[in-house]
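**Q** Dropping in run.txt, with compact mmCIF, C-alpha atoms.
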# COMPACT_ATOMS: atom_id res chain seq x y z
CA MET A 1 153.48 165.62 125.96
CA THR A 2 154.00 168.88 127.82
CA GLN A 3 157.77 168.84 128.42
CA PRO A 4 160.64 167.73 126.18
CA PRO A 5 161.96 164.30 127.17
CA VAL A 6 165.35 163.54 128.66
CA PRO A 7 167.83 163.00 125.79
CA LEU A 8 169.26 159.54 125.21
CA ASN A 9 173.03 159.19 125.05
CA GLN A 10 174.73 157.54 122.07
CA GLN A 11 174.78 154.08 123.63
CA GLN A 12 171.09 154.26 124.56
CA GLN A 13 170.22 155.34 121.03
CA GLN A 14 172.11 152.38 119.56
CA GLN A 15 170.39 149.97 121.95
CA LEU A 16 166.99 151.37 120.98
CA VAL A 17 167.79 150.96 117.27
CA TRP A 18 168.55 147.29 117.92
CA GLN A 19 165.26 146.92 119.81
CA ILE A 20 163.42 148.48 116.87
CA GLY A 21 165.02 145.96 114.51
CA HIS A 22 164.00 143.08 116.77
CA ALA A 23 160.42 144.36 117.05
CA LEU A 24 160.17 144.74 113.26
CA ALA A 25 161.62 141.29 112.58
CA THR A 26 159.67 139.27 115.15
CA PRO A 27 156.38 139.03 113.17
CA LEU A 28 158.13 138.31 109.85
CA PRO A 29 158.46 134.85 108.33
CA PRO A 30 162.00 133.41 108.37
CA GLY A 31 164.33 133.97 105.45
CA TRP A 32 164.07 137.72 105.03
CA GLN A 33 167.25 139.45 103.88
CA GLN A 34 166.72 143.13 104.59
CA MET A 35 164.25 145.52 106.25
CA ARG A 36 163.92 149.20 105.45
CA VAL A 37 161.69 151.26 107.72
CA GLU A 38 160.91 154.93 107.18
CA TYR A 39 159.31 156.93 109.99
CA ARG A 40 157.86 160.40 109.36
CA ALA A 41 156.30 162.54 112.06
CA ALA A 42 155.20 166.05 112.97
CA GLY A 43 153.50 166.51 116.33
CA ARG A 44 150.96 163.69 116.65
CA HIS A 45 150.96 162.92 112.92
CA VAL A 46 152.92 159.71 112.26
CA GLU A 47 153.56 157.74 109.05
CA VAL A 48 155.55 154.49 108.93
CA ASP A 49 156.50 152.46 105.84
CA LEU A 50 158.23 149.08 106.05
CA LEU A 51 159.77 147.29 103.07
CA VAL A 52 161.04 143.73 103.54
CA THR A 53 163.34 142.06 101.03
CA GLY A 54 162.94 138.30 100.84
CA GLN A 55 165.18 135.56 99.50
CA ASP A 56 164.14 136.41 95.95
CA GLY A 57 165.72 139.87 96.35
CA LEU A 58 162.43 141.72 95.87
CA PRO A 59 161.30 144.34 98.44
CA ARG A 60 157.67 144.08 99.52
CA PRO A 61 155.62 146.30 101.85
CA ALA A 62 154.83 144.91 105.29
CA GLN A 63 152.93 146.09 108.34
CA PRO A 64 155.23 147.26 111.14
CA SER A 65 154.31 146.02 114.59
CA PRO A 66 152.79 148.50 117.05
CA GLU A 67 155.76 147.87 119.36
CA ALA A 68 158.19 148.92 116.63
CA VAL A 69 156.20 152.07 115.90
CA GLN A 70 156.21 152.96 119.61
CA LEU A 71 159.95 152.37 119.86
CA LEU A 72 160.58 154.59 116.84
CA GLY A 73 158.60 157.32 118.56
CA ASN A 74 160.69 156.82 121.70
CA LEU A 75 163.87 157.14 119.65
CA ARG A 76 162.64 160.36 118.07
CA ALA A 77 161.77 161.82 121.48
CA GLY A 78 165.04 160.68 123.00
CA MET A 79 167.09 162.33 120.24
CA TYR A 80 165.61 165.76 121.00
CA ARG A 81 168.22 168.41 121.80
CA PRO A 82 167.23 171.64 123.59
CA GLY A 83 166.77 174.40 121.06
CA GLY A 84 167.61 172.10 118.15
CA GLY A 85 164.44 170.02 117.92
CA THR A 86 164.49 166.42 116.80
CA TRP A 87 164.30 164.62 113.49
CA LEU A 88 161.08 164.47 111.51
CA ASN A 89 162.18 161.73 109.11
CA ALA A 90 164.25 158.62 109.83
CA ILE A 91 165.28 155.77 107.56
CA LEU A 92 166.67 152.64 109.21
CA VAL A 93 167.96 149.68 107.20
CA PHE A 94 168.56 146.31 108.86
CA GLY A 95 170.29 143.19 107.59
CA SER A 96 169.48 139.78 108.99
CA ALA A 97 172.09 140.19 111.72
CA THR A 98 173.17 143.83 111.68
CA VAL A 99 172.13 147.46 111.33
CA LEU A 100 173.14 148.48 107.81
CA SER A 101 172.41 152.22 108.00
CA THR A 102 170.55 154.92 109.89
CA ASP A 103 169.64 158.34 108.53
CA PHE A 104 167.95 161.06 110.61
CA LEU A 105 166.73 164.26 108.93
CA THR A 106 166.04 167.20 111.22
CA ASP A 107 165.61 170.14 108.85
CA VAL A 108 164.33 168.60 105.60
CA GLU A 109 160.59 168.20 105.07
CA PRO A 110 159.67 164.51 104.89
CA PRO A 111 157.99 163.06 101.79
CA TRP A 112 154.56 162.78 103.40
CA ARG A 113 151.95 160.36 102.14
CA GLN A 114 149.49 162.97 103.38
CA ALA A 115 150.85 166.28 104.67
CA PRO A 116 149.87 167.04 108.28
CA PRO A 117 147.62 170.07 108.94
CA PRO A 118 149.17 173.23 110.45
CA ILE A 119 148.32 172.04 113.98
CA GLY A 120 150.67 169.09 113.46
CA PHE A 121 153.63 171.39 112.85
CA GLN A 122 152.55 173.69 115.68
CA ASP A 123 152.46 170.67 117.99
CA GLU A 124 155.92 169.69 116.72
CA LEU A 125 157.37 173.02 117.85
CA ARG A 126 155.49 172.82 121.16
CA PHE A 127 156.57 169.25 121.93
CA PHE A 128 160.15 169.75 120.68
CA PRO A 129 160.92 173.49 120.95
CA ARG A 130 163.50 174.98 118.60
CA ALA A 131 165.50 178.18 118.77
CA GLU A 132 164.46 180.69 116.10
CA GLN A 133 167.54 180.02 113.98
CA ASN A 134 166.81 176.28 113.99
CA ILE A 135 163.32 176.54 112.47
CA PRO A 136 163.74 176.03 108.71
CA PRO A 137 161.60 178.26 106.45
CA TRP A 138 159.39 175.40 105.28
CA LEU A 139 158.55 174.40 108.88
CA ARG A 140 157.89 178.01 109.82
CA GLN A 141 155.50 178.33 106.87
CA ARG A 142 153.76 175.01 107.59
CA ALA A 143 153.20 176.04 111.21
CA GLY A 144 151.80 179.42 110.18
CA LEU A 145 154.54 181.41 111.90
CA GLU A 146 155.74 184.86 110.93
CA SER A 147 159.03 185.28 109.13
CA ALA A 148 162.10 184.91 111.31
CA PRO A 149 163.47 188.15 112.74
CA VAL A 150 166.69 189.51 111.28
CA ALA A 151 169.56 188.22 113.36
CA GLU A 152 171.91 190.63 115.06
CA PRO A 153 175.52 190.40 113.84
CA LEU A 154 177.72 188.27 116.06
CA VAL A 155 180.41 190.11 118.01
CA ALA A 156 183.54 188.44 119.35
CA THR A 157 184.91 189.20 122.80
CA PRO A 158 187.79 191.71 122.49
CA PRO A 159 191.34 190.79 123.59
CA ALA A 160 192.00 191.27 127.29
CA ASP A 161 194.70 193.64 128.57
CA ALA A 162 194.39 192.53 132.20
CA PRO A 163 193.52 189.24 133.95
CA GLU A 164 190.11 190.54 135.00
CA GLY A 165 189.31 191.23 131.35
CA LEU A 166 189.41 187.54 130.47
CA ARG A 167 186.11 185.72 130.54
CA SER A 168 185.44 182.19 131.78
CA PRO A 169 182.40 180.06 130.82
CA ARG A 170 179.89 178.16 132.88
CA VAL A 171 180.48 174.46 132.29
CA TYR A 172 176.75 173.77 132.81
CA ASP A 173 173.79 175.81 134.00
CA GLY A 174 173.32 174.59 137.56
CA VAL A 175 172.47 171.45 139.52
CA ASP A 176 169.20 169.85 140.50
CA GLU A 177 168.10 168.74 143.97
CA SER A 178 170.12 165.53 143.67
CA GLY A 179 173.26 167.41 142.68
CA ARG A 180 173.11 166.35 139.01
CA PRO A 181 174.08 169.01 136.44
CA VAL A 182 171.32 170.89 134.62
CA VAL A 183 171.76 172.09 131.02
CA ASN A 184 169.40 174.30 129.03
CA ARG A 185 171.28 175.16 125.85
CA GLU A 186 170.76 174.89 122.13
CA ALA A 187 171.98 171.73 120.48
CA LEU A 188 174.77 171.89 117.93
CA SER A 189 174.60 170.18 114.57
CA PRO A 190 177.24 167.47 114.10
CA ALA A 191 179.16 169.69 111.67
CA GLU A 192 179.22 172.70 114.01
CA ARG A 193 180.01 170.48 117.00
CA ASP A 194 183.16 169.30 115.22
CA ARG A 195 184.22 172.86 114.38
CA VAL A 196 183.69 174.04 117.96
CA LEU A 197 185.70 171.10 119.28
CA GLU A 198 188.52 171.92 116.88
CA TYR A 199 188.57 175.49 118.22
CA LEU A 200 188.51 174.44 121.87
CA ASP A 201 191.20 171.77 121.38
CA ALA A 202 193.46 174.02 119.31
CA ALA A 203 193.82 176.66 122.04
CA PRO A 204 197.05 176.29 124.04
CA VAL A 205 197.02 174.69 127.48
CA VAL A 206 198.21 177.18 130.11
CA LEU A 207 197.71 175.12 133.28
CA ALA A 208 197.34 171.36 133.66
CA SER A 209 197.25 168.58 136.21
CA ARG A 210 198.26 164.96 135.70
CA THR A 211 195.04 163.77 137.33
CA TYR A 212 191.48 163.69 136.01
CA ASP A 213 188.15 164.73 137.44
CA ALA A 214 184.92 162.74 137.71
CA ASP A 215 182.30 163.01 134.96
CA ALA A 216 179.41 165.02 136.50
CA PHE A 217 176.96 163.51 133.99
CA ALA A 218 178.19 159.94 134.51
CA PRO A 219 179.76 159.80 137.98
CA SER A 220 180.10 156.02 137.86
CA ARG A 221 182.58 156.27 134.99
CA GLU A 222 186.32 156.21 135.50
CA PRO A 223 187.46 159.85 136.03
CA LEU A 224 188.46 161.13 132.58
CA VAL A 225 187.62 164.85 132.65
CA PRO A 226 190.89 166.73 131.93
CA LEU A 227 192.00 169.05 134.72
CA ASN A 228 193.53 171.72 132.51
CA PHE A 229 192.84 175.22 131.22
CA ARG A 230 193.16 176.66 127.73
CA THR A 231 192.92 180.22 126.43
CA ASP A 232 192.42 182.14 123.21
CA GLY A 233 193.45 185.46 124.74
CA ARG A 234 189.83 186.50 125.27
CA TRP A 235 188.47 183.56 127.23
CA TYR A 236 189.96 180.79 129.32
CA TRP A 237 188.11 177.54 129.88
CA PRO A 238 188.58 174.23 131.70
CA GLY A 239 189.07 170.96 129.85
CA ALA A 240 185.58 169.95 130.97
CA VAL A 241 184.05 172.24 128.30
CA ALA A 242 185.38 170.21 125.37
CA TYR A 243 185.00 166.91 127.25
CA TYR A 244 181.29 167.39 127.91
CA LEU A 245 180.66 168.55 124.35
CA ARG A 246 182.46 165.50 123.01
CA GLU A 247 181.00 162.95 125.43
CA HIS A 248 177.52 164.32 126.20
CA ASP A 249 176.76 166.90 123.47
CA VAL A 250 176.71 169.72 126.04
CA ALA A 251 177.25 172.91 124.06
CA PRO A 252 179.63 175.52 125.54
CA ASP A 253 178.36 178.52 127.48
CA PRO A 254 176.21 180.53 125.01
CA ASP A 255 178.46 183.60 125.29
CA LEU A 256 181.57 181.56 124.53
CA LEU A 257 179.75 179.87 121.64
CA THR A 258 178.75 183.27 120.20
CA HIS A 259 182.38 184.38 120.49
CA ILE A 260 183.63 181.29 118.62
CA ARG A 261 181.02 181.73 115.89
CA ALA A 262 181.87 185.42 115.51
CA LEU A 263 185.51 184.43 114.94
CA ARG A 264 184.30 181.95 112.29
CA PHE A 265 185.81 179.11 114.32
CA THR A 266 189.31 180.48 113.67
CA LEU A 267 191.57 180.62 116.73
CA PRO A 268 193.39 183.97 117.05
CA GLU A 269 197.13 184.02 117.62
CA VAL A 270 197.92 183.37 121.28
CA GLY A 271 201.33 184.59 122.39
CA GLU A 272 203.19 184.46 125.66
CA PRO A 273 201.55 187.67 127.05
CA GLU A 274 198.07 186.20 126.50
CA ARG A 275 199.08 182.95 128.20
CA GLU A 276 200.48 184.79 131.20
CA LEU A 277 197.27 186.81 131.55
CA ALA A 278 195.26 183.57 131.54
CA VAL A 279 197.48 181.98 134.20
CA ALA A 280 197.11 185.09 136.36
CA ALA A 281 193.33 185.07 135.93
CA ILE A 282 193.04 181.36 136.77
CA THR A 283 195.30 181.42 139.80
CA ASP A 284 193.59 184.56 141.10
CA GLN A 285 190.19 182.89 140.73
CA GLN A 286 191.35 179.73 142.47
CA SER A 287 192.78 181.70 145.40
CA THR A 288 189.51 183.57 146.05
Please rewrite the model in this file as structure tokens.
**A**
Amino acid sequence: MTQPPVPLNQQQQQQLVWQIGHALATPLPPGWQQMRVEYRAAGRHVEVDLLVTGQDGLPRPAQPSPEAVQLLGNLRAGMYRPGGGTWLNAILVFGSATVLSTDFLTDVEPPWRQAPPPIGFQDELRFFPRAEQNIPPWLRQRAGLESAPVAEPLVATPPADAPEGLRSPRVYDGVDESGRPVVNREALSPAERDRVLEYLDAAPVVLASRTYDADAFAPSREPLVPLNFRTDGRWYWPGAVAYYLREHDVAPDPDLLTHIRALRFTLPEVGEPERELAVAAITDQQST
């Protein structure tokens, strides 16, 4: 593996989990009640434990099929997020006709049967690169890396006093040869994703259309991208920013994200003067 894989969307992940359950169950004798599979990996080092509960209610170890192990590896690769890495430990529990639970641990060291050598953790960071702030201390130590550099304090964008002082984000980072959007940004944790969405959605709408735009990442979908603009008095952004974060886990422009973090996810007061500046900035941009 020389390049990180293309991430799977939520629906593809769910389908793959079902395929894993089918591959685990196929070799088993009938009558089982529950399967619990735990997958641990770092680089090329892989450990898989399968416990199967029979009709007597007792869990017993079983050998997972090679197909199931391969599919678990595919799921791990497909859940990689640029800059955020992927999980190293997953626990999936299946009932006889349903998925009971899934748990994916990205930053906690797995309970290895036999800890991988340093090269395993170095391979992990090469196969699934992480931004400095997303490498937990234990992983840094296991990989033989130096201590993380001291982070610079985050600085929010100051309030604008003229339309040209307002900033506007890039929705994505470019397009490929086929015209599809390209994104190369750090992944947000679920908790931070929710806080960023709250910030983006709480800002007042200053311009809006009753129509919707096509989804650049899923053009076959019904157009649902909001054609509106919001502002916090420092930045103004289109509705696509929150939409793509919510639907495709596309983090906002790194500069806007730094601004939101520096404000501790707290929206500043936005009065009528700030709204008018944003409208002026947007209409001026659209007329050029």
**Q** Which neighbours of range 227-238 of chain A fall inside 6 Å, counting all atoms listed in the file, when residues of the same chain fewer than 5 positions from it are skipped, and could you give them as a ChimeraX atom specification?
**A** /A:159-160,166-168,203-209,212,270,274
**Q** I'd like the neighbourhood of Gln13 in chain A as a list in words, where a residue qualifies if any of its atoms comes within 8 Å (using only C-alpha atoms), though same-chain residues fewer than 6 positions away should be ignored.
**A**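 Here the qualifying residues turn out to be Leu75, Gly78 and Met79 of chain A.
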**Q** For Leu105 in chain A, which residue out of A:Ala41, A:Phe128, A:Thr283, A:Arg140 is the nearest one, using only C-alpha atoms?
**A**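 Result for the nearest residue to Leu105 in chain A: A:Ala41.
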**Q** Fewer than 5 positions away in the same chain doesn't count, so skip those; otherwise give me all residues within 9 Å of Ala242 in chain A, counting all atoms listed in the file, as a list in words.
**A**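 Here the qualifying residues turn out to be Val196, Leu197, Leu200, Asp201, Glu247, Val250, Ala251 and Pro252 of chain A.
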**Q** Which residue out of A:Arg195, A:Val183, A:Thr211, A:Ser65 has the minimum interatomic distance to Tyr244 in chain A when all atoms listed in the file are used?
**A**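 Using all atoms listed in the file, the shortest distance to Tyr244 in chain A belongs to A:Val183.
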**Q** Measuring between only C-alpha atoms, which one of A:Gly95, A:Pro7, A:Gly54, A:Gly21 shows the shortest distance to Tyr80 in chain A?
**A**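 Among A:Gly95, A:Pro7, A:Gly54, A:Gly21, it is A:Pro7 that comes nearest to Tyr80 in chain A.
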**Q** Counting only C-alpha atoms, which residue out of A:Thr258, A:Gln10, A:Asn134, A:Thr26 sits closest to Leu154 in chain A?
**A**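 Counting only C-alpha atoms, the residue closest to Leu154 in chain A is A:Thr258.
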**Q** Hey, which of A:Arg36, A:Gln141, A:Tyr172, A:Val17 ends up closest to Gln122 in chain A? Count all atoms listed in the file.
**A** A:Gln141
**Q** Would you please work out which residue, of A:Val37, A:Arg113, A:Asp107, A:Thr86, is nearest to Arg126 in chain A when using only C-alpha atoms?
**A**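 Looking at the shortest contact to Arg126 in chain A, the residue is A:Thr86.
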**Q** Could you tell me how far CA of Leu256 in chain A lies from CA of Pro137 in chain A, in Å and to one decimal?
**A**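 CA of Pro137 in chain A lies at a distance of 27.1 Å from CA of Leu256 in chain A.
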**Q** Using CA of Pro29 in chain A and CA of Val99 in chain A as the two end points, give the distance in Å to one decimal.
**A**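 Computing it gives 18.8 Å between the two atoms.
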**Q** Please measure the separation of CA of Gln55 in chain A and CA of Gly31 in chain A, giving the value in Å to one decimal.
**A** 6.2 Å
**Q** Neighbours of range 87-89 of chain A within 7 Å (only C-alpha atoms; same-chain residues fewer than 3 positions away dropped), as a list in words?
**A** Tyr39, Arg40, Ala41, Ala42, Arg76, Phe104, Leu105, Thr106 and Pro110 of chain A
